[in-house]
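Asker: Contents of run_39.tsv (TSV, C-alpha atoms) are given next:
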chain	number	residue	atom	x	y	z
E	42	MET	CA	0.00	0.00	0.00
E	43	GLU	CA	1.31	3.42	-0.90
E	44	TYR	CA	0.50	5.56	2.12
E	45	GLY	CA	1.42	8.81	0.44
E	46	SER	CA	-1.42	8.41	-2.03
E	47	LEU	CA	-4.18	9.03	0.52
E	48	PRO	CA	-4.58	12.65	-0.69
E	49	ALA	CA	-4.68	11.42	-4.30
E	50	ASP	CA	-7.32	8.80	-3.51
E	51	ALA	CA	-9.40	11.32	-1.58
E	52	MET	CA	-9.34	13.84	-4.40
E	53	ALA	CA	-9.99	11.28	-7.16
E	54	CYS	CA	-12.96	10.07	-5.15
E	55	PHE	CA	-14.27	13.61	-4.72
E	56	ALA	CA	-13.84	14.32	-8.43
E	57	ALA	CA	-15.87	11.22	-9.29
E	58	GLN	CA	-18.61	12.29	-6.86
E	59	ALA	CA	-18.74	15.82	-8.27
E	60	LEU	CA	-18.90	14.48	-11.83
E	61	ASN	CA	-21.48	11.87	-10.81
E	62	ILE	CA	-19.26	9.04	-12.03
E	63	LYS	CA	-19.39	5.60	-10.46
E	64	ALA	CA	-15.93	4.88	-9.04
E	65	ASP	CA	-16.16	1.91	-6.70
E	66	THR	CA	-12.47	0.99	-6.87
E	67	VAL	CA	-11.18	4.37	-5.78
E	68	LYS	CA	-13.87	4.62	-3.09
E	69	ALA	CA	-12.90	1.22	-1.73
E	70	SER	CA	-9.22	2.16	-1.82
E	71	LEU	CA	-9.92	5.37	0.09
E	72	LYS	CA	-11.99	3.61	2.74
E	73	ASN	CA	-9.30	0.97	3.22
E	74	LYS	CA	-6.66	3.60	3.71
E	75	LEU	CA	-8.81	5.61	6.12
E	76	SER	CA	-9.14	2.59	8.38
E	77	GLU	CA	-5.37	2.07	8.52
E	78	ASN	CA	-3.85	2.99	11.87
E	79	ALA	CA	-0.65	4.09	10.12
E	80	LEU	CA	-2.60	6.82	8.36
E	81	MET	CA	-4.40	8.23	11.38
E	82	GLN	CA	-1.78	10.97	11.75
E	83	ASN	CA	-1.36	11.63	8.04
E	84	TYR	CA	-2.52	15.21	8.39
E	85	TYR	CA	-2.77	16.21	4.73
E	86	GLY	CA	-4.41	12.98	3.62
E	87	GLN	CA	-6.90	13.07	6.46
E	88	SER	CA	-7.72	16.71	5.69
E	89	LEU	CA	-8.49	16.04	2.04
E	90	ALA	CA	-10.44	12.89	2.96
E	91	PHE	CA	-13.02	15.13	4.60
E	92	PHE	CA	-14.52	16.19	1.29
E	93	PRO	CA	-15.57	12.80	-0.16
E	94	LEU	CA	-16.87	11.81	3.28
E	95	ALA	CA	-18.76	15.09	3.57
E	96	PHE	CA	-20.22	14.60	0.10
E	97	GLU	CA	-21.47	11.14	1.10
E	98	GLY	CA	-22.85	12.63	4.30
E	99	GLY	CA	-24.76	15.25	2.29
E	100	ILE	CA	-23.36	18.20	4.22
E	101	LEU	CA	-21.49	20.10	1.47
E	102	LYS	CA	-24.29	22.56	0.91
E	103	ARG	CA	-23.96	25.92	-0.80
E	104	PRO	CA	-25.23	28.71	1.47
B	193	MET	CA	-46.09	-0.09	42.77
B	194	VAL	CA	-44.53	3.33	42.30
B	195	SER	CA	-41.19	2.14	43.65
B	196	GLN	CA	-41.30	-0.90	41.32
B	197	VAL	CA	-41.84	1.40	38.34
B	198	LYS	CA	-38.94	3.58	39.51
B	199	ILE	CA	-36.64	0.57	39.80
B	200	ILE	CA	-37.62	-0.70	36.33
B	201	SER	CA	-37.15	2.80	34.84
B	202	PHE	CA	-33.76	3.10	36.53
B	203	ALA	CA	-32.73	-0.31	35.17
B	204	ILE	CA	-33.86	0.60	31.66
B	205	GLY	CA	-31.97	3.88	31.99
B	206	LEU	CA	-28.80	2.07	32.97
B	207	ILE	CA	-29.14	-0.35	30.03
B	208	CYS	CA	-29.67	2.57	27.61
B	209	LEU	CA	-26.66	4.39	29.03
B	210	PHE	CA	-24.51	1.28	28.67
B	211	VAL	CA	-25.66	0.60	25.13
B	212	SER	CA	-25.16	4.20	24.01
B	213	GLY	CA	-21.74	4.29	25.64
B	214	CYS	CA	-20.70	1.10	23.87
B	215	SER	CA	-21.99	2.23	20.50
B	216	ASP	CA	-19.97	5.41	20.86
B	217	MET	CA	-16.81	3.39	21.37
B	218	LYS	CA	-17.05	1.01	18.45
B	219	ILE	CA	-16.59	2.01	14.84
B	220	SER	CA	-19.93	2.34	13.12
B	221	PRO	CA	-19.85	2.09	9.33
B	222	GLU	CA	-23.08	4.11	9.25
B	223	LYS	CA	-21.35	7.18	10.66
B	224	PRO	CA	-17.96	7.44	8.94
B	225	LEU	CA	-18.08	11.24	8.82
B	226	GLU	CA	-18.77	11.67	12.53
B	227	LEU	CA	-16.06	9.17	13.39
B	228	TRP	CA	-13.63	10.90	11.06
B	229	TRP	CA	-14.32	14.27	12.72
B	230	LYS	CA	-13.86	12.81	16.19
B	231	SER	CA	-10.58	11.24	15.14
B	232	TYR	CA	-9.42	14.41	13.35
B	233	LYS	CA	-10.07	16.55	16.40
B	234	LYS	CA	-8.27	14.08	18.65
B	235	ASN	CA	-5.22	13.79	16.38
B	236	PHE	CA	-4.77	17.32	15.10
B	237	ILE	CA	-6.71	19.96	17.05
B	238	LEU	CA	-5.25	20.90	20.42
B	239	PRO	CA	-7.46	22.04	23.32
B	240	ASP	CA	-6.50	25.68	22.71
B	241	GLY	CA	-7.56	25.60	19.03
B	242	ARG	CA	-4.18	25.16	17.38
B	243	VAL	CA	-4.13	22.65	14.53
B	244	GLN	CA	-0.89	20.70	14.60
B	245	CYS	CA	0.81	18.87	11.80
B	246	PRO	CA	2.52	15.72	13.14
B	247	GLU	CA	4.40	15.11	9.89
B	248	HIS	CA	6.20	18.43	10.27
B	249	GLU	CA	7.37	18.39	13.87
B	250	TYR	CA	3.94	19.38	15.17
B	251	ASP	CA	4.13	22.84	13.66
B	252	THR	CA	1.12	24.83	12.46
B	253	VAL	CA	0.31	26.45	9.14
B	254	SER	CA	-2.43	28.96	8.39
B	255	GLU	CA	-3.76	26.56	5.76
B	256	GLY	CA	-4.36	23.95	8.47
B	257	GLN	CA	-6.26	26.42	10.66
B	258	ALA	CA	-8.45	27.41	7.71
B	259	TYR	CA	-9.12	23.81	6.66
B	260	ALA	CA	-10.16	22.86	10.19
B	261	MET	CA	-12.51	25.86	10.32
B	262	LEU	CA	-14.07	24.68	7.05
B	263	PHE	CA	-14.54	21.19	8.50
B	264	ALA	CA	-16.06	22.60	11.69
B	265	VAL	CA	-18.55	24.80	9.86
B	266	PHE	CA	-19.68	22.00	7.55
B	267	MET	CA	-19.95	19.72	10.61
B	268	LYS	CA	-22.00	22.44	12.38
B	269	ASP	CA	-19.53	22.28	15.30
B	270	LYS	CA	-19.62	25.89	16.49
B	271	GLU	CA	-17.65	25.28	19.65
B	272	THR	CA	-14.68	23.87	17.72
B	273	PHE	CA	-15.01	26.55	15.03
B	274	ASP	CA	-14.83	29.33	17.61
B	275	LEU	CA	-11.89	27.71	19.37
B	276	ILE	CA	-9.84	27.50	16.17
B	277	PHE	CA	-10.92	30.99	15.06
B	278	ARG	CA	-9.84	32.48	18.39
B	279	TRP	CA	-6.43	30.80	18.32
B	280	THR	CA	-5.88	31.82	14.70
B	281	GLU	CA	-6.69	35.48	15.36
B	282	GLU	CA	-4.63	35.60	18.56
B	283	HIS	CA	-1.53	33.91	17.13
B	284	LEU	CA	-1.46	34.25	13.34
B	285	SER	CA	-3.18	37.56	12.60
B	286	ARG	CA	-0.79	40.01	10.95
B	287	GLY	CA	-2.88	42.93	12.19
B	288	SER	CA	-0.73	44.17	15.05
B	289	LYS	CA	2.55	43.74	13.20
B	290	HIS	CA	1.67	44.56	9.59
B	291	GLY	CA	-1.71	46.26	9.80
B	292	ASP	CA	-3.62	43.93	7.48
B	293	HIS	CA	-6.13	41.12	8.03
B	294	LEU	CA	-4.14	38.31	6.44
B	295	LEU	CA	-2.52	35.44	8.34
B	296	ALA	CA	1.11	34.58	9.00
B	297	TRP	CA	1.57	31.26	7.27
B	298	HIS	CA	3.90	29.44	9.69
B	299	TRP	CA	3.97	28.95	13.48
B	300	LYS	CA	6.49	26.74	15.19
B	301	GLY	CA	7.97	26.20	18.64
B	302	GLY	CA	5.74	28.67	20.47
B	303	GLY	CA	5.47	31.51	17.98
B	304	VAL	CA	5.28	32.73	14.39
B	305	ASN	CA	8.52	32.03	12.56
B	306	ASP	CA	7.45	33.44	9.20
B	307	TRP	CA	5.04	36.38	8.90
B	308	MET	CA	4.58	35.96	5.14
B	309	ALA	CA	0.95	35.37	4.12
B	310	ALA	CA	-0.21	32.45	1.95
B	311	SER	CA	-3.14	33.35	-0.28
B	312	ASP	CA	-4.67	29.85	-0.38
B	313	ALA	CA	-4.96	29.89	3.41
B	314	ASP	CA	-6.24	33.47	3.46
B	315	GLY	CA	-8.88	32.51	0.89
B	316	ASP	CA	-9.96	29.43	2.82
B	317	TYR	CA	-10.02	31.45	6.05
B	318	ALA	CA	-12.40	34.01	4.54
B	319	PHE	CA	-14.41	31.17	2.96
B	320	ALA	CA	-14.86	29.44	6.33
B	321	LEU	CA	-15.82	32.71	8.03
B	322	LEU	CA	-18.36	33.54	5.35
B	323	LEU	CA	-19.90	30.06	5.61
B	324	ALA	CA	-20.01	30.50	9.39
B	325	SER	CA	-21.85	33.81	9.00
B	326	HIS	CA	-24.54	31.98	7.00
B	327	GLN	CA	-24.57	28.99	9.34
B	328	TRP	CA	-24.79	30.84	12.64
B	329	GLU	CA	-25.76	34.36	11.56
B	330	GLY	CA	-22.75	35.83	13.30
B	331	HIS	CA	-22.04	39.46	12.41
B	332	ALA	CA	-18.46	39.13	13.68
B	333	TYR	CA	-17.75	36.25	11.27
B	334	ARG	CA	-19.01	38.23	8.28
B	335	GLU	CA	-17.19	41.40	9.30
B	336	LYS	CA	-13.90	39.53	9.60
B	337	ALA	CA	-14.49	37.67	6.33
B	338	ILE	CA	-15.04	40.94	4.46
B	339	GLN	CA	-11.87	42.45	5.94
B	340	VAL	CA	-9.84	39.43	4.81
B	341	ILE	CA	-11.50	39.40	1.37
B	342	TYR	CA	-10.58	43.03	0.70
B	343	ASP	CA	-7.01	42.58	1.92
B	344	ILE	CA	-6.62	39.58	-0.39
B	345	LEU	CA	-7.69	41.77	-3.33
B	346	ARG	CA	-5.47	44.63	-2.17
B	347	LEU	CA	-2.31	42.67	-1.39
B	348	GLU	CA	-2.45	39.26	-3.07
B	349	THR	CA	-3.65	40.01	-6.61
B	350	VAL	CA	-1.97	41.71	-9.54
B	351	ARG	CA	-2.70	42.59	-13.16
B	352	GLY	CA	-0.76	40.62	-15.77
B	353	VAL	CA	-0.98	39.68	-19.45
B	354	ASP	CA	-3.93	41.26	-21.31
B	355	ASN	CA	-4.73	43.19	-18.12
B	356	ARG	CA	-5.88	39.90	-16.60
B	357	LEU	CA	-6.19	39.78	-12.79
B	358	PHE	CA	-4.04	37.07	-11.16
B	359	PHE	CA	-4.14	35.51	-7.70
B	360	LEU	CA	-0.61	35.67	-6.29
B	361	PRO	CA	0.66	32.93	-3.95
B	362	GLY	CA	0.99	35.48	-1.17
B	363	LEU	CA	2.56	38.90	-0.79
B	364	TRP	CA	5.05	37.78	-3.40
B	365	GLY	CA	5.05	36.23	-6.84
B	366	ARG	CA	6.09	39.16	-9.06
B	367	GLU	CA	9.16	37.71	-10.73
B	368	LYS	CA	11.69	39.20	-13.13
B	369	ASP	CA	10.76	40.22	-16.70
B	370	GLY	CA	7.09	40.59	-15.82
B	371	CYS	CA	6.63	36.90	-14.98
B	372	LEU	CA	4.12	35.93	-12.30
B	373	MET	CA	4.52	32.92	-10.02
B	374	GLN	CA	1.31	30.92	-10.03
B	375	ASN	CA	-0.11	27.98	-8.14
B	376	PRO	CA	-3.29	26.81	-9.92
B	377	SER	CA	-4.51	25.01	-6.78
B	378	TYR	CA	-4.63	28.31	-4.86
B	379	TYR	CA	-7.56	29.51	-7.00
B	380	SER	CA	-10.84	28.55	-5.36
B	381	PRO	CA	-13.72	29.40	-7.75
B	382	ALA	CA	-16.54	28.25	-5.45
B	383	ALA	CA	-15.23	30.45	-2.64
B	384	PHE	CA	-14.58	33.35	-5.04
B	385	ARG	CA	-18.24	33.25	-6.14
B	386	LEU	CA	-19.31	33.64	-2.52
B	387	PHE	CA	-16.84	36.50	-2.10
B	388	TYR	CA	-18.42	38.18	-5.11
B	389	GLU	CA	-21.92	37.69	-3.70
B	390	ALA	CA	-20.81	39.15	-0.37
B	391	THR	CA	-19.07	42.21	-1.81
B	392	GLN	CA	-20.45	42.66	-5.36
B	393	ASP	CA	-16.84	43.32	-6.35
B	394	ASN	CA	-16.30	42.20	-9.96
B	395	GLN	CA	-12.65	41.45	-9.30
B	396	TRP	CA	-13.71	38.06	-7.91
B	397	LEU	CA	-15.39	37.23	-11.22
B	398	TYR	CA	-12.20	38.22	-13.03
B	399	LEU	CA	-10.22	35.89	-10.76
B	400	ILE	CA	-12.60	33.01	-11.54
B	401	ASP	CA	-12.09	33.72	-15.22
B	402	THR	CA	-8.32	33.63	-14.72
B	403	ALA	CA	-8.60	30.39	-12.72
B	404	TYR	CA	-10.13	28.53	-15.65
B	405	TRP	CA	-7.87	30.26	-18.17
B	406	LEU	CA	-4.82	29.13	-16.15
B	407	VAL	CA	-6.13	25.58	-15.73
B	408	SER	CA	-6.77	25.38	-19.45
B	409	GLN	CA	-3.45	26.91	-20.56
B	410	ALA	CA	-1.28	25.11	-18.00
B	411	GLY	CA	-2.87	21.83	-19.07
B	412	ILE	CA	-1.90	22.36	-22.70
B	413	ARG	CA	1.79	23.15	-22.42
B	414	LEU	CA	4.47	23.82	-19.83
B	415	ASP	CA	7.52	25.37	-21.48
B	416	THR	CA	8.18	22.93	-24.32
B	417	VAL	CA	6.43	19.93	-22.76
B	418	THR	CA	2.98	19.05	-24.10
B	419	GLY	CA	0.39	18.45	-21.40
B	420	CYS	CA	-1.73	15.36	-20.99
B	421	GLY	CA	-4.48	16.66	-18.72
B	422	LEU	CA	-2.59	17.16	-15.45
B	423	LEU	CA	-1.50	20.49	-14.04
B	424	PRO	CA	1.73	21.54	-12.36
B	425	ASP	CA	2.00	22.38	-8.66
B	426	TRP	CA	3.66	25.64	-9.62
B	427	CYS	CA	4.24	27.49	-12.87
B	428	MET	CA	4.97	30.98	-14.15
B	429	VAL	CA	2.99	33.11	-16.55
B	430	ASP	CA	5.15	35.44	-18.61
B	431	ALA	CA	4.22	38.84	-20.04
B	432	GLN	CA	3.01	37.19	-23.28
B	433	GLY	CA	0.80	34.67	-21.48
B	434	ASN	CA	3.09	31.66	-21.94
B	435	ILE	CA	3.12	29.06	-19.17
B	436	LEU	CA	6.65	28.35	-17.99
B	437	LYS	CA	8.27	26.06	-15.45
B	438	ALA	CA	8.67	27.61	-12.03
B	439	GLU	CA	12.36	27.64	-11.22
B	440	GLY	CA	13.21	25.91	-7.97
B	441	ARG	CA	9.66	24.68	-7.38
B	442	SER	CA	7.75	21.52	-8.15
B	443	ASN	CA	6.38	21.32	-11.66
B	444	ASP	CA	4.81	17.92	-10.96
B	445	TYR	CA	1.15	17.10	-10.36
B	446	GLY	CA	1.95	16.66	-6.68
B	447	TRP	CA	1.07	17.77	-3.19
B	448	GLU	CA	-0.25	21.13	-4.35
B	449	ALA	CA	-2.06	20.26	-7.58
B	450	VAL	CA	-3.66	17.22	-5.97
B	451	ARG	CA	-6.15	19.70	-4.43
B	452	LEU	CA	-7.46	20.87	-7.79
B	453	PRO	CA	-10.35	18.38	-7.77
B	454	LEU	CA	-11.45	19.94	-4.48
B	455	ARG	CA	-11.24	23.50	-5.81
B	456	ILE	CA	-12.95	22.75	-9.10
B	457	GLY	CA	-15.22	20.01	-7.77
B	458	LEU	CA	-16.93	22.35	-5.32
B	459	ASP	CA	-17.62	24.72	-8.22
B	460	VAL	CA	-19.10	21.82	-10.20
B	461	LEU	CA	-21.33	20.84	-7.29
B	462	TRP	CA	-22.45	24.32	-6.30
B	463	ASN	CA	-22.54	26.23	-9.56
B	464	LYS	CA	-22.58	23.62	-12.31
B	465	THR	CA	-20.57	25.76	-14.72
B	466	GLU	CA	-19.36	24.35	-18.02
B	467	ASP	CA	-15.79	25.55	-17.36
B	468	ALA	CA	-15.66	23.67	-14.08
B	469	HIS	CA	-17.18	20.50	-15.45
B	470	LYS	CA	-14.82	20.45	-18.42
B	471	ALA	CA	-11.70	21.12	-16.31
B	472	LEU	CA	-12.53	18.52	-13.67
B	473	GLY	CA	-13.48	15.94	-16.29
B	474	LYS	CA	-10.12	16.30	-17.97
B	475	ILE	CA	-8.17	15.84	-14.74
B	476	TYR	CA	-10.29	12.88	-13.70
B	477	GLN	CA	-9.92	11.12	-17.05
B	478	THR	CA	-6.15	11.48	-16.89
B	479	LEU	CA	-6.01	10.18	-13.32
B	480	GLN	CA	-8.19	7.25	-14.26
B	481	ARG	CA	-5.94	6.42	-17.19
B	482	THR	CA	-2.77	6.61	-15.11
B	483	SER	CA	-4.30	4.56	-12.29
B	484	VAL	CA	-4.95	1.80	-14.83
B	485	ASP	CA	-1.38	2.11	-16.15
B	486	PHE	CA	0.17	1.94	-12.68
B	487	LYS	CA	-2.48	-0.36	-11.12
B	488	GLU	CA	-3.31	2.30	-8.52
B	489	LEU	CA	-3.31	6.05	-7.98
B	490	LYS	CA	0.10	7.46	-7.15
B	491	ALA	CA	0.86	10.35	-4.83
B	492	VAL	CA	2.79	12.35	-7.39
B	493	TYR	CA	2.94	12.36	-11.16
B	494	SER	CA	5.23	14.29	-13.43
B	495	TYR	CA	3.55	16.87	-15.64
B	496	ASP	CA	3.45	14.33	-18.48
B	497	ALA	CA	1.84	11.71	-16.16
B	498	GLY	CA	4.99	9.66	-15.54
B	499	LEU	CA	6.47	8.87	-12.13
B	500	PRO	CA	9.18	11.31	-11.10
B	501	TRP	CA	9.64	9.88	-7.62
B	502	ASN	CA	10.08	6.69	-5.68
B	503	MET	CA	8.09	6.40	-2.47
B	504	VAL	CA	10.18	4.96	0.35
B	505	VAL	CA	9.56	4.61	4.07
B	506	CYS	CA	12.01	6.50	6.27
B	507	ARG	CA	13.74	3.97	8.54
B	508	GLN	CA	13.94	6.31	11.52
B	509	THR	CA	10.46	7.86	11.52
B	510	GLN	CA	8.56	5.24	9.51
B	511	TRP	CA	6.95	8.10	7.57
B	512	PRO	CA	6.68	7.74	3.81
B	513	VAL	CA	9.08	10.05	2.00
B	514	LEU	CA	9.70	10.81	-1.63
B	515	GLN	CA	13.03	10.08	-3.20
B	516	HIS	CA	14.17	11.29	-6.60
B	517	ARG	CA	14.72	8.69	-9.26
B	518	HIS	CA	18.37	8.87	-10.31
Take the structure I supplied and represent it as structure tokens, if you would.
Answerer:
Amino acid sequence: MEYGSLPADAMACFAAQALNIKADTVKASLKNKLSENALMQNYYGQSLAFFPLAFEGGILKRP
Amino acid sequence: MVSQVKIISFAIGLICLFVSGCSDMKISPEKPLELWWKSYKKNFILPDGRVQCPEHEYDTVSEGQAYAMLFAVFMKDKETFDLIFRWTEEHLSRGSKHGDHLLAWHWKGGGVNDWMAASDADGDYAFALLLASHQWEGHAYREKAIQVIYDILRLETVRGVDNRLFFLPGLWGREKDGCLMQNPSYYSPAAFRLFYEATQDNQWLYLIDTAYWLVSQAGIRLDTVTGCGLLPDWCMVDAQGNILKAEGRSNDYGWEAVRLPLRIGLDVLWNKTEDAHKALGKIYQTLQRTSVDFKELKAVYSYDAGLPWNMVVCRQTQWPVLQHRH
């Protein structure tokens, strides 16, 4: 597993969501990495992971 | 009879308390966002509101403060938002030293060690404050946001080729021979549209126009290298509008450019513009193609979608680090 690619996975996942494209592989990869203990303190990756999670949670609303 | 009811109610109460306590402890796949936020706060946000970065000796950057404020406002966590906002104003505000409303970008070892501003962080800071003013109807949030927004325009933008308005990386970026240092991932069209709505200042619309112009041009060619759909972390725009390599900075699709899907994706979601959809689609297609080529997504690609780096794990810290291919 390439730990440094958490930001890339997070952003690819978010791009797919925004474009309304089905991307199960990248979503699965992101979820696997998010559950890895080694990545809990990966600050940048965790920060960017917020956006696909927030999209799924339906909270990214325009004011 | 009454005492029996009380005992039964007490027992039920205890069971409920136990069950709710247990469910809070275990990971629930139904609530990944809430669990992520809990974990993020525990790992990165200190009790005083400072957001620390473990990978960089627990230092703090203005970008991190602004991101965490964005997370807090979307999560409707006012207490955490206010905590981070207070720390940021007390420790990073350039007001007392430089008289503006921008933020010092770097804090380390108990104080600011670089008072330079970073425009991506300033933009996200104003964005978070403006969202907060809508979320919680706070006049203080809006007032601060407007102050930051106008100082960004005043200090972190400049006119360039064809009288186009550019977003500088900070209080710097005017290079020799009329060249401008640019970071495409610093442009945040969705935020800029809110800034325009808040101020009715057309300069924000000009900056959105430049954002998509830059994304388009920097995707076509970088110096003499033909693009393939990815954008560089950094580049320069010369006085004729050519996109050049940024000397001494990353020209890869790396840690900076990786954020472009966030910047453009929010604009797709919120405003559904053709420019945004086209730009994001191009990046996504290229990433998809390279992930097939390399069997997975990589952290960093060269501008032409190759691999400029090897990822290795540092023996001492166990952190992943990038090593140049020789």
Asker: Near E:Gly99, within 12 Å and counting only C-alpha atoms, which residues show up once chain neighbours fewer than 4 positions away are dropped, as a PDB file with C-alpha atoms, in the coordinates of the input?
Answerer:
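Dumped everything to result_9.pdb:
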ATOM      1  CA  GLN E  58     -18.610  12.290  -6.860  1.00  0.00           C
ATOM      2  CA  PHE E  91     -13.020  15.130   4.600  1.00  0.00           C
ATOM      3  CA  PHE E  92     -14.520  16.190   1.290  1.00  0.00           C
ATOM      4  CA  PRO E  93     -15.570  12.800  -0.160  1.00  0.00           C
ATOM      5  CA  LEU E  94     -16.870  11.810   3.280  1.00  0.00           C
ATOM      6  CA  ALA E  95     -18.760  15.090   3.570  1.00  0.00           C
ATOM      7  CA  ARG E 103     -23.960  25.920  -0.800  1.00  0.00           C
TER       8      ARG E 103
ATOM      9  CA  LEU B 225     -18.080  11.240   8.820  1.00  0.00           C
ATOM     10  CA  PHE B 266     -19.680  22.000   7.550  1.00  0.00           C
ATOM     11  CA  MET B 267     -19.950  19.720  10.610  1.00  0.00           C
ATOM     12  CA  LEU B 461     -21.330  20.840  -7.290  1.00  0.00           C
TER      13      LEU B 461
END
Asker: Extract, using all atoms listed in the file, all DNA, RNA and protein residues at most 12 Å from B:Lys268, discarding same-chain residues fewer than 2 positions from it, and format them as a PyMOL selection string.
Answerer: (chain E and resi 95+100-102) or (chain B and resi 226+229+261-266+270-274+320+323-328)
Asker: I need the chain E residues near chain B as a compact mmCIF listing (two decimals) with C-alpha atoms, keeping the file's coordinate frame; criterion: at most 9 Å, counting all atoms listed in the file.
Answerer:
# COMPACT_ATOMS: atom_id res chain seq x y z
CA GLU E 43 1.31 3.42 -0.90
CA TYR E 44 0.50 5.56 2.12
CA GLY E 45 1.42 8.81 0.44
CA SER E 46 -1.42 8.41 -2.03
CA LEU E 47 -4.18 9.03 0.52
CA PRO E 48 -4.58 12.65 -0.69
CA ALA E 49 -4.68 11.42 -4.30
CA ASP E 50 -7.32 8.80 -3.51
CA MET E 52 -9.34 13.84 -4.40
CA ALA E 53 -9.99 11.28 -7.16
CA PHE E 55 -14.27 13.61 -4.72
CA ALA E 56 -13.84 14.32 -8.43
CA ALA E 57 -15.87 11.22 -9.29
CA GLN E 58 -18.61 12.29 -6.86
CA ALA E 59 -18.74 15.82 -8.27
CA LEU E 60 -18.90 14.48 -11.83
CA VAL E 67 -11.18 4.37 -5.78
CA SER E 70 -9.22 2.16 -1.82
CA LEU E 75 -8.81 5.61 6.12
CA ALA E 79 -0.65 4.09 10.12
CA MET E 81 -4.40 8.23 11.38
CA GLN E 82 -1.78 10.97 11.75
CA ASN E 83 -1.36 11.63 8.04
CA TYR E 84 -2.52 15.21 8.39
CA TYR E 85 -2.77 16.21 4.73
CA GLN E 87 -6.90 13.07 6.46
CA SER E 88 -7.72 16.71 5.69
CA LEU E 89 -8.49 16.04 2.04
CA ALA E 90 -10.44 12.89 2.96
CA PHE E 91 -13.02 15.13 4.60
CA PHE E 92 -14.52 16.19 1.29
CA LEU E 94 -16.87 11.81 3.28
CA ALA E 95 -18.76 15.09 3.57
CA GLU E 97 -21.47 11.14 1.10
CA GLY E 98 -22.85 12.63 4.30
CA ILE E 100 -23.36 18.20 4.22
CA LEU E 101 -21.49 20.10 1.47
CA LYS E 102 -24.29 22.56 0.91
CA ARG E 103 -23.96 25.92 -0.80
CA PRO E 104 -25.23 28.71 1.47
Asker: Mind giving me the axis-aligned box for stretch 392-403 of chain B with 3 Å on every side, centre plus edges in Å to one decimal, as JSON?
Answerer:
{"center_x": -14.4, "center_y": 36.9, "center_z": -10.3, "size_x": 18.1, "size_y": 18.9, "size_z": 15.9}
Asker: Please compute the atom CA of B:Ile435-atom CA of B:Leu423 distance, one decimal, in Å.
Answerer: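 Atom CA of B:Leu423 lies 11.0 Å from atom CA of B:Ile435.
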Asker: What is the distance between atom CA of B:Thr416 and atom CA of B:Ser311, in Å to one decimal?
Answerer: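 It comes out at 28.5 Å.
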Asker: Excluding B:Gly433 and its own-chain neighbours fewer than 4 positions away, which residues fall within 10 Å of it when counting only C-alpha atoms? Please give them as a list in words.
Answerer: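 Using only C-alpha atoms, the neighbours found are Gly352, Val353, Asp354, Arg356, Cys371, Leu372, Leu406, Gln409, Met428 and Val429 of chain B.
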Asker: Which distance in Å separates atom CA of B:Thr252 and atom CA of B:Asp306, to one decimal?
Answerer: 11.2 Å
Asker: Using all atoms listed in the file, which of E:Asn61, E:Thr66, E:Asn73, E:Asn78 sits nearest E:Phe96?
Answerer: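 The shortest atom-to-atom distance to E:Phe96 comes from E:Asn61.
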Asker: Please, can stretch 75-82 of chain E be completed to N, CA, C and O atoms and returned as an mmCIF file, keeping the file's coordinate frame?
Answerer:
data_model
loop_
_atom_site.group_PDB
_atom_site.id
_atom_site.type_symbol
_atom_site.label_atom_id
_atom_site.label_comp_id
_atom_site.auth_asym_id
_atom_site.auth_seq_id
_atom_site.Cartn_x
_atom_site.Cartn_y
_atom_site.Cartn_z
ATOM 1 N N LEU E 75 -8.337 4.837 4.953
ATOM 2 C CA LEU E 75 -8.810 5.610 6.120
ATOM 3 C C LEU E 75 -8.886 4.748 7.379
ATOM 4 O O LEU E 75 -8.815 5.270 8.489
ATOM 5 N N SER E 76 -9.038 3.452 7.191
ATOM 6 C CA SER E 76 -9.140 2.590 8.380
ATOM 7 C C SER E 76 -7.774 2.086 8.840
ATOM 8 O O SER E 76 -7.674 1.364 9.830
ATOM 9 N N GLU E 77 -6.713 2.489 8.127
ATOM 10 C CA GLU E 77 -5.370 2.070 8.520
ATOM 11 C C GLU E 77 -4.847 2.913 9.675
ATOM 12 O O GLU E 77 -4.837 4.137 9.600
ATOM 13 N N ASN E 78 -4.397 2.255 10.728
ATOM 14 C CA ASN E 78 -3.850 2.990 11.870
ATOM 15 C C ASN E 78 -2.665 3.871 11.472
ATOM 16 O O ASN E 78 -2.491 4.970 11.984
ATOM 17 N N ALA E 79 -1.854 3.351 10.534
ATOM 18 C CA ALA E 79 -0.650 4.090 10.120
ATOM 19 C C ALA E 79 -0.989 5.436 9.502
ATOM 20 O O ALA E 79 -0.158 6.330 9.445
ATOM 21 N N LEU E 80 -2.225 5.562 9.029
ATOM 22 C CA LEU E 80 -2.600 6.820 8.360
ATOM 23 C C LEU E 80 -3.385 7.774 9.253
ATOM 24 O O LEU E 80 -3.795 8.839 8.822
ATOM 25 N N MET E 81 -3.597 7.374 10.499
ATOM 26 C CA MET E 81 -4.400 8.230 11.380
ATOM 27 C C MET E 81 -3.766 9.606 11.577
ATOM 28 O O MET E 81 -4.457 10.588 11.789
ATOM 29 N N GLN E 82 -2.433 9.667 11.534
ATOM 30 C CA GLN E 82 -1.780 10.970 11.750
ATOM 31 C C GLN E 82 -1.226 11.549 10.449
ATOM 32 O O GLN E 82 -0.368 12.426 10.476
#
